[in-house]
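Enquirer: The structure is given below, and queries will be raised subsequently.
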Amino acid sequence: MIGDKLNIKTEHIFAAGEVAARVISDIKVCESIFVISIAGESGAGKSEIAFSLSSHLKKKGYPNVVLQQDDYFVYPPKTNAEMRKKDIRHVGPSEVHLSLIEQNLTDILGGEKQITKPLVVYDEDRISSETISLEGISIVIVEGTYTTLLNQVNCHVFIDRDLHDTREARGQRSREVQDAYLEKILEIEHRIISSHRMYSDLIITRDYGVKENG
């Protein structure tokens with residue numbers, strides 16, 4: 001997403017290194033492109049950890065790409081916020097073209113040399129597109145609130161931080177007005193996303209450690 005503001009901190013880099021250490025042996029024996037999803041609630045650090053993981057794996061000799069769920073929303077961000085105000089039942093996975101992410105993953109795993117995907121231009125509140133080269137890519141990292149629901153993933157990672165843990169991070173990001181209405185939306189998202197935890201393979205804990213989902 002053009003206009004996304006990342007605030008990568010030491011804890012994000014640490015968590016990314018821990019995830020890499022857990023999956024590296026599986027990556028080595030994988031006969032196709034290895035897909036990792038990173039999910040969690042708003043402000044949990046999904047983008048920061050995804051891009052930290054991407055950088056870590058590149059340094060280890062594993063070229064990769066990051067797909068952001070934010071690019072796959074049905075409506076661009078400001079319009080989507082207005083849709084939520086019109087009908088709060090709009091909040092949820094139906095806001096996202098998850099099937100399009102699945103199709104992009106199908107194309108990637110099928111050996112396509114490039115894919116064309118949506119690209120959100122945040123400040124202009126519009127959705128454009130971009131073509132990504134897949135030459136030499138061995139790993140795809142998909143990050144976003146609902147990415148645990150994706151099927152074509154080798155390792156689902158879930159960040160175990162809720163709306164109370166993420167309040168400071170959300171304020172620093174300054175995407176939305178931090179008011180009572182936003183809190184109501186976040187509570188709805190929390191109820192939805194927290195149920196996805198059970199489907200994950202690795203859990204990033206509140207202190208940014210990593211453990212297998214028991």
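By convention here, the chains of the structure tokens are called A, B, ... in the order presented, each chain's residues are numbered starting at 1, and ligands are numbered starting at 1 in the order presented.
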Using only C-alpha atoms, which residues sit within 6 Å of segment 119-123 of chain A once same-chain residues fewer than 6 positions away are excluded, as a list in words?
Expert: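 The contact residues come out as Met1, Ile2, Gly3, Asp71 and Ser129 of chain A.
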Enquirer: Could those residues be written to a file, using N, CA and C atoms, as a JSON list (two decimals), in the first residue's frame?
Expert:
```json
[["chain", "number", "residue", "atom", "x", "y", "z"],
["A", 1, "MET", "N", 0.84, -1.19, 0.00],
["A", 1, "MET", "CA", 0.00, 0.00, 0.00],
["A", 1, "MET", "C", 0.88, 1.24, 0.00],
["A", 2, "ILE", "N", 0.64, 2.14, -0.93],
["A", 2, "ILE", "CA", 1.36, 3.39, -0.98],
["A", 2, "ILE", "C", 0.79, 4.32, 0.08],
["A", 3, "GLY", "N", 1.66, 4.83, 0.96],
["A", 3, "GLY", "CA", 1.22, 5.71, 2.03],
["A", 3, "GLY", "C", 1.15, 5.03, 3.37],
["A", 71, "ASP", "N", -4.22, -4.01, 0.49],
["A", 71, "ASP", "CA", -4.37, -3.74, -0.94],
["A", 71, "ASP", "C", -5.59, -4.44, -1.54],
["A", 129, "SER", "N", -3.23, -0.66, -9.45],
["A", 129, "SER", "CA", -2.72, -2.04, -9.58],
["A", 129, "SER", "C", -1.22, -1.99, -9.81]]
```
Enquirer: Quick one: pick out all strand (DSSP E or B) residues within chain A from a backbone DSSP run and write them as JSON, numbers by chain.
Expert: {"A": [2, 34, 35, 36, 37, 38, 39, 64, 65, 66, 67, 68, 73, 96, 114, 115, 116, 117, 118, 119, 120, 121, 126, 127, 128, 129, 130, 131, 132, 133, 139, 140, 141, 142, 143, 155, 156, 157, 158, 159, 202, 203, 204, 210, 211, 212]}
Enquirer: How would the residues just chosen look if you wrote them out with C-alpha atoms as a PDB file, in the first residue's frame?
Expert:
```pdb
ATOM      1  CA  ILE A   2       1.363   3.392  -0.981  1.00  0.00           C
ATOM      2  CA  PHE A  34       6.785 -21.375   0.882  1.00  0.00           C
ATOM      3  CA  VAL A  35       3.865 -19.205   2.018  1.00  0.00           C
ATOM      4  CA  ILE A  36       3.706 -17.566   5.454  1.00  0.00           C
ATOM      5  CA  SER A  37       0.697 -15.611   6.732  1.00  0.00           C
ATOM      6  CA  ILE A  38       0.881 -13.073   9.556  1.00  0.00           C
ATOM      7  CA  ALA A  39      -2.457 -12.159  11.115  1.00  0.00           C
ATOM      8  CA  ASN A  64      10.679 -13.134  -1.065  1.00  0.00           C
ATOM      9  CA  VAL A  65       7.723 -10.824  -1.587  1.00  0.00           C
ATOM     10  CA  VAL A  66       5.198  -9.393   0.859  1.00  0.00           C
ATOM     11  CA  LEU A  67       1.505  -9.200   0.000  1.00  0.00           C
ATOM     12  CA  GLN A  68      -0.531  -6.804   2.150  1.00  0.00           C
ATOM     13  CA  PHE A  73     -10.002  -4.354   0.348  1.00  0.00           C
ATOM     14  CA  VAL A  96     -11.665  -7.999   1.690  1.00  0.00           C
ATOM     15  CA  GLN A 114       4.666 -12.399 -12.377  1.00  0.00           C
ATOM     16  CA  ILE A 115       1.311 -11.432 -10.911  1.00  0.00           C
ATOM     17  CA  THR A 116      -0.854  -8.354 -11.169  1.00  0.00           C
ATOM     18  CA  LYS A 117      -2.435  -7.313  -7.874  1.00  0.00           C
ATOM     19  CA  PRO A 118      -4.381  -4.366  -6.446  1.00  0.00           C
ATOM     20  CA  LEU A 119      -2.413  -1.473  -4.939  1.00  0.00           C
ATOM     21  CA  VAL A 120      -4.041   1.013  -2.579  1.00  0.00           C
ATOM     22  CA  VAL A 121      -2.939   4.651  -2.784  1.00  0.00           C
ATOM     23  CA  ARG A 126      -8.105   4.881  -4.609  1.00  0.00           C
ATOM     24  CA  ILE A 127      -7.132   1.388  -5.693  1.00  0.00           C
ATOM     25  CA  SER A 128      -4.666   1.065  -8.536  1.00  0.00           C
ATOM     26  CA  SER A 129      -2.724  -2.038  -9.584  1.00  0.00           C
ATOM     27  CA  GLU A 130       0.852  -3.221  -9.825  1.00  0.00           C
ATOM     28  CA  THR A 131       2.717  -6.092 -11.437  1.00  0.00           C
ATOM     29  CA  ILE A 132       5.176  -7.999  -9.258  1.00  0.00           C
ATOM     30  CA  SER A 133       8.012 -10.082 -10.675  1.00  0.00           C
ATOM     31  CA  ILE A 139       8.896 -17.292  -0.104  1.00  0.00           C
ATOM     32  CA  VAL A 140       5.666 -15.276  -0.025  1.00  0.00           C
ATOM     33  CA  ILE A 141       4.645 -13.463   3.155  1.00  0.00           C
ATOM     34  CA  VAL A 142       0.964 -12.455   3.338  1.00  0.00           C
ATOM     35  CA  GLU A 143      -0.005 -10.101   6.136  1.00  0.00           C
ATOM     36  CA  CYS A 155       2.660 -21.573   8.133  1.00  0.00           C
ATOM     37  CA  HIS A 156      -0.006 -19.380   9.741  1.00  0.00           C
ATOM     38  CA  VAL A 157       1.394 -16.904  12.285  1.00  0.00           C
ATOM     39  CA  PHE A 158      -0.931 -15.109  14.733  1.00  0.00           C
ATOM     40  CA  ILE A 159       0.000 -12.057  16.821  1.00  0.00           C
ATOM     41  CA  LEU A 202       2.826 -20.146  15.490  1.00  0.00           C
ATOM     42  CA  ILE A 203       1.799 -17.583  18.105  1.00  0.00           C
ATOM     43  CA  ILE A 204       3.645 -14.318  18.646  1.00  0.00           C
ATOM     44  CA  VAL A 210       7.173 -17.047  19.525  1.00  0.00           C
ATOM     45  CA  LYS A 211       5.684 -20.408  20.428  1.00  0.00           C
ATOM     46  CA  GLU A 212       3.962 -23.242  18.621  1.00  0.00           C
TER      47      GLU A 212
END
```
Enquirer: Quote the spacing between atom CA of Asp107 of chain A and atom CA of Gln69 of chain A in Å to one decimal place.
Expert: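 If I compute the distance from atom CA of Asp107 of chain A to atom CA of Gln69 of chain A, I get 16.8 Å.
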Enquirer: Nearest to Gly45 of chain A among A:Val74, A:Ile8, A:Leu150, A:Leu57, with distances taken over only C-alpha atoms: which residue is it?
Expert: A:Ile8
Enquirer: Determine the nearest neighbour of Cys30 of chain A from the options A:Gly110, A:Tyr72, A:Ser138, A:Asn104, counting only C-alpha atoms.
Expert: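 Closest to Cys30 of chain A, using only C-alpha atoms: A:Ser138.
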Enquirer: For Gly92 of chain A, please output as a list in words all residues within 9 Å (counting only C-alpha atoms; exclusion window: fewer than 3 positions along the same chain).
Expert: Arg89, Glu95, Val96, Tyr146, Ile188, Glu189, Ile192 and Ile193 of chain A
Enquirer: If you keep N, CA and C atoms, can you produce a file of those selected residues as a short mmCIF file (atom, residue, chain, number, x, y, z; two decimals), in the first residue's frame?
Expert:
```cif
data_model
loop_
_atom_site.label_atom_id
_atom_site.label_comp_id
_atom_site.auth_asym_id
_atom_site.auth_seq_id
_atom_site.Cartn_x
_atom_site.Cartn_y
_atom_site.Cartn_z
N ARG A 89 -22.40 -3.49 10.25
CA ARG A 89 -22.35 -4.91 9.90
C ARG A 89 -21.42 -5.16 8.72
N GLU A 95 -15.18 -7.48 3.78
CA GLU A 95 -14.60 -6.22 3.32
C GLU A 95 -13.39 -6.46 2.40
N VAL A 96 -12.92 -7.68 2.39
CA VAL A 96 -11.66 -8.00 1.69
C VAL A 96 -11.91 -9.02 0.58
N TYR A 146 -7.18 -10.91 8.33
CA TYR A 146 -7.92 -12.15 8.09
C TYR A 146 -7.12 -13.21 7.32
N ILE A 188 -15.66 -5.42 17.47
CA ILE A 188 -16.23 -6.38 16.51
C ILE A 188 -15.10 -7.17 15.86
N GLU A 189 -14.06 -6.46 15.42
CA GLU A 189 -12.92 -7.14 14.80
C GLU A 189 -12.28 -8.11 15.79
N ILE A 192 -14.12 -11.35 15.96
CA ILE A 192 -13.91 -12.15 14.75
C ILE A 192 -12.51 -12.75 14.72
N ILE A 193 -11.51 -11.86 14.87
CA ILE A 193 -10.12 -12.27 14.66
C ILE A 193 -9.61 -13.19 15.77
#
```
Enquirer: List the neighbours of Ile13 of chain A out to 12 Å using only C-alpha atoms; skip same-chain residues closer than 2 positions along the sequence, and give me the result as a PDB file with N, CA and C atoms, in the first residue's frame.
Expert:
```pdb
ATOM      1  N   ASN A   7       6.301   1.564  11.575  1.00  0.00           N
ATOM      2  CA  ASN A   7       7.060   1.997  12.744  1.00  0.00           C
ATOM      3  C   ASN A   7       7.745   0.768  13.326  1.00  0.00           C
ATOM      4  N   ILE A   8       8.785   0.320  12.630  1.00  0.00           N
ATOM      5  CA  ILE A   8       9.470  -0.918  13.008  1.00  0.00           C
ATOM      6  C   ILE A   8      10.343  -0.694  14.232  1.00  0.00           C
ATOM      7  N   LYS A   9      10.090  -1.496  15.265  1.00  0.00           N
ATOM      8  CA  LYS A   9      10.829  -1.389  16.519  1.00  0.00           C
ATOM      9  C   LYS A   9      11.628  -2.660  16.765  1.00  0.00           C
ATOM     10  N   THR A  10      12.461  -2.599  17.780  1.00  0.00           N
ATOM     11  CA  THR A  10      13.321  -3.735  18.120  1.00  0.00           C
ATOM     12  C   THR A  10      12.509  -5.006  18.344  1.00  0.00           C
ATOM     13  N   GLU A  11      11.345  -4.866  18.993  1.00  0.00           N
ATOM     14  CA  GLU A  11      10.539  -6.048  19.284  1.00  0.00           C
ATOM     15  C   GLU A  11       9.981  -6.704  18.016  1.00  0.00           C
ATOM     16  N   ALA A  15      10.826 -10.534  17.009  1.00  0.00           N
ATOM     17  CA  ALA A  15       9.780 -11.519  16.715  1.00  0.00           C
ATOM     18  C   ALA A  15       9.975 -12.122  15.328  1.00  0.00           C
ATOM     19  N   ALA A  16      10.345 -11.282  14.362  1.00  0.00           N
ATOM     20  CA  ALA A  16      10.580 -11.773  13.001  1.00  0.00           C
ATOM     21  C   ALA A  16      11.710 -12.794  12.974  1.00  0.00           C
ATOM     22  N   GLY A  17      12.771 -12.529  13.735  1.00  0.00           N
ATOM     23  CA  GLY A  17      13.883 -13.472  13.806  1.00  0.00           C
ATOM     24  C   GLY A  17      13.474 -14.791  14.435  1.00  0.00           C
ATOM     25  N   GLU A  18      12.601 -14.720  15.450  1.00  0.00           N
ATOM     26  CA  GLU A  18      12.110 -15.932  16.097  1.00  0.00           C
ATOM     27  C   GLU A  18      11.226 -16.753  15.158  1.00  0.00           C
ATOM     28  N   VAL A  19      10.386 -16.072  14.383  1.00  0.00           N
ATOM     29  CA  VAL A  19       9.556 -16.775  13.396  1.00  0.00           C
ATOM     30  C   VAL A  19      10.442 -17.453  12.363  1.00  0.00           C
ATOM     31  N   ALA A  20      11.436 -16.721  11.866  1.00  0.00           N
ATOM     32  CA  ALA A  20      12.346 -17.278  10.863  1.00  0.00           C
ATOM     33  C   ALA A  20      13.040 -18.534  11.380  1.00  0.00           C
ATOM     34  N   GLY A  45       1.004  -4.993  14.785  1.00  0.00           N
ATOM     35  CA  GLY A  45       2.369  -5.025  14.253  1.00  0.00           C
ATOM     36  C   GLY A  45       2.545  -5.973  13.093  1.00  0.00           C
ATOM     37  N   LYS A  46       1.463  -6.284  12.399  1.00  0.00           N
ATOM     38  CA  LYS A  46       1.519  -7.241  11.286  1.00  0.00           C
ATOM     39  C   LYS A  46       2.480  -6.785  10.180  1.00  0.00           C
ATOM     40  N   SER A  47       2.301  -5.561   9.736  1.00  0.00           N
ATOM     41  CA  SER A  47       3.140  -5.057   8.646  1.00  0.00           C
ATOM     42  C   SER A  47       4.591  -4.955   9.089  1.00  0.00           C
ATOM     43  N   GLU A  48       4.810  -4.452  10.309  1.00  0.00           N
ATOM     44  CA  GLU A  48       6.183  -4.283  10.806  1.00  0.00           C
ATOM     45  C   GLU A  48       6.899  -5.621  10.910  1.00  0.00           C
ATOM     46  N   ILE A  49       6.198  -6.635  11.428  1.00  0.00           N
ATOM     47  CA  ILE A  49       6.818  -7.955  11.565  1.00  0.00           C
ATOM     48  C   ILE A  49       6.994  -8.606  10.198  1.00  0.00           C
ATOM     49  N   ALA A  50       6.023  -8.431   9.303  1.00  0.00           N
ATOM     50  CA  ALA A  50       6.120  -9.022   7.965  1.00  0.00           C
ATOM     51  C   ALA A  50       7.323  -8.476   7.214  1.00  0.00           C
ATOM     52  N   PHE A  51       7.511  -7.166   7.235  1.00  0.00           N
ATOM     53  CA  PHE A  51       8.633  -6.581   6.501  1.00  0.00           C
ATOM     54  C   PHE A  51       9.966  -6.843   7.203  1.00  0.00           C
ATOM     55  N   SER A  52       9.948  -6.972   8.524  1.00  0.00           N
ATOM     56  CA  SER A  52      11.162  -7.369   9.244  1.00  0.00           C
ATOM     57  C   SER A  52      11.534  -8.805   8.903  1.00  0.00           C
ATOM     58  N   LEU A  53      10.518  -9.674   8.812  1.00  0.00           N
ATOM     59  CA  LEU A  53      10.751 -11.067   8.426  1.00  0.00           C
ATOM     60  C   LEU A  53      11.269 -11.146   7.001  1.00  0.00           C
ATOM     61  N   SER A  54      10.691 -10.357   6.119  1.00  0.00           N
ATOM     62  CA  SER A  54      11.146 -10.310   4.732  1.00  0.00           C
ATOM     63  C   SER A  54      12.617  -9.939   4.655  1.00  0.00           C
ATOM     64  N   SER A  55      13.001  -8.894   5.376  1.00  0.00           N
ATOM     65  CA  SER A  55      14.396  -8.449   5.378  1.00  0.00           C
ATOM     66  C   SER A  55      15.324  -9.519   5.951  1.00  0.00           C
ATOM     67  N   HIS A  56      14.895 -10.154   7.042  1.00  0.00           N
ATOM     68  CA  HIS A  56      15.701 -11.194   7.683  1.00  0.00           C
ATOM     69  C   HIS A  56      15.941 -12.368   6.728  1.00  0.00           C
ATOM     70  N   LEU A  57      14.883 -12.804   6.053  1.00  0.00           N
ATOM     71  CA  LEU A  57      14.998 -13.951   5.146  1.00  0.00           C
ATOM     72  C   LEU A  57      15.834 -13.621   3.911  1.00  0.00           C
ATOM     73  N   TYR A 208       6.295 -10.577  22.485  1.00  0.00           N
ATOM     74  CA  TYR A 208       6.957 -10.788  21.194  1.00  0.00           C
ATOM     75  C   TYR A 208       7.837 -12.039  21.138  1.00  0.00           C
ATOM     76  N   GLY A 209       7.623 -12.946  22.071  1.00  0.00           N
ATOM     77  CA  GLY A 209       8.221 -14.264  21.911  1.00  0.00           C
ATOM     78  C   GLY A 209       7.388 -15.058  20.911  1.00  0.00           C
TER      79      GLY A 209
END
```
Enquirer: Quick one, how far is atom CA of Glu135 of chain A from atom CA of Phe14 of chain A?
Expert: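 Straight-line distance from atom CA of Glu135 of chain A to atom CA of Phe14 of chain A works out to 28.4 Å.
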Enquirer: Could you tell me which of A:Glu82, A:Asp70, A:Asp87, A:Asp125 comes closest to Ile101 of chain A if we count only C-alpha atoms?
Expert: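 So, comparing all the options, the nearest one is A:Asp70.
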Enquirer: Interatomic distance between atom CA of Asp160 of chain A and atom CA of Thr205 of chain A?
Expert: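 Going from atom CA of Asp160 of chain A over to atom CA of Thr205 of chain A, I get 5.2 Å.
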Enquirer: Can you list every residue in segment 20-51 of chain A that DSSP puts in helix (DSSP H, G or I), as a ChimeraX atom specification?
Expert: /A:20-29,46-51
Enquirer: Find the residues around Met198 of chain A up to 10 Å (only C-alpha atoms counted), leave out those fewer than 6 positions away in its own chain, and share them as a PDB file with N, CA and C atoms, in the first residue's frame.
Expert:
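Written out: selection27.pdb:
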```pdb
ATOM      1  N   THR A 148      -5.310 -15.594   8.250  1.00  0.00           N
ATOM      2  CA  THR A 148      -5.364 -16.961   8.786  1.00  0.00           C
ATOM      3  C   THR A 148      -6.421 -17.775   8.048  1.00  0.00           C
ATOM      4  N   PHE A 158       0.086 -15.969  14.125  1.00  0.00           N
ATOM      5  CA  PHE A 158      -0.931 -15.109  14.733  1.00  0.00           C
ATOM      6  C   PHE A 158      -0.294 -14.279  15.835  1.00  0.00           C
ATOM      7  N   ASN A 213       1.567 -23.249  18.409  1.00  0.00           N
ATOM      8  CA  ASN A 213       0.200 -23.259  18.921  1.00  0.00           C
ATOM      9  C   ASN A 213      -0.140 -24.659  19.395  1.00  0.00           C
ATOM     10  N   GLY A 214      -0.185 -24.810  20.708  1.00  0.00           N
ATOM     11  CA  GLY A 214      -0.286 -26.102  21.360  1.00  0.00           C
ATOM     12  C   GLY A 214      -1.435 -26.957  20.914  1.00  0.00           C
TER      13      GLY A 214
END
```
Enquirer: Restricting the calculation to only C-alpha atoms, which member of A:Glu183, A:His12, A:Ile33, A:Glu41 is positioned closest to Glu112 of chain A?
Expert: A:Ile33
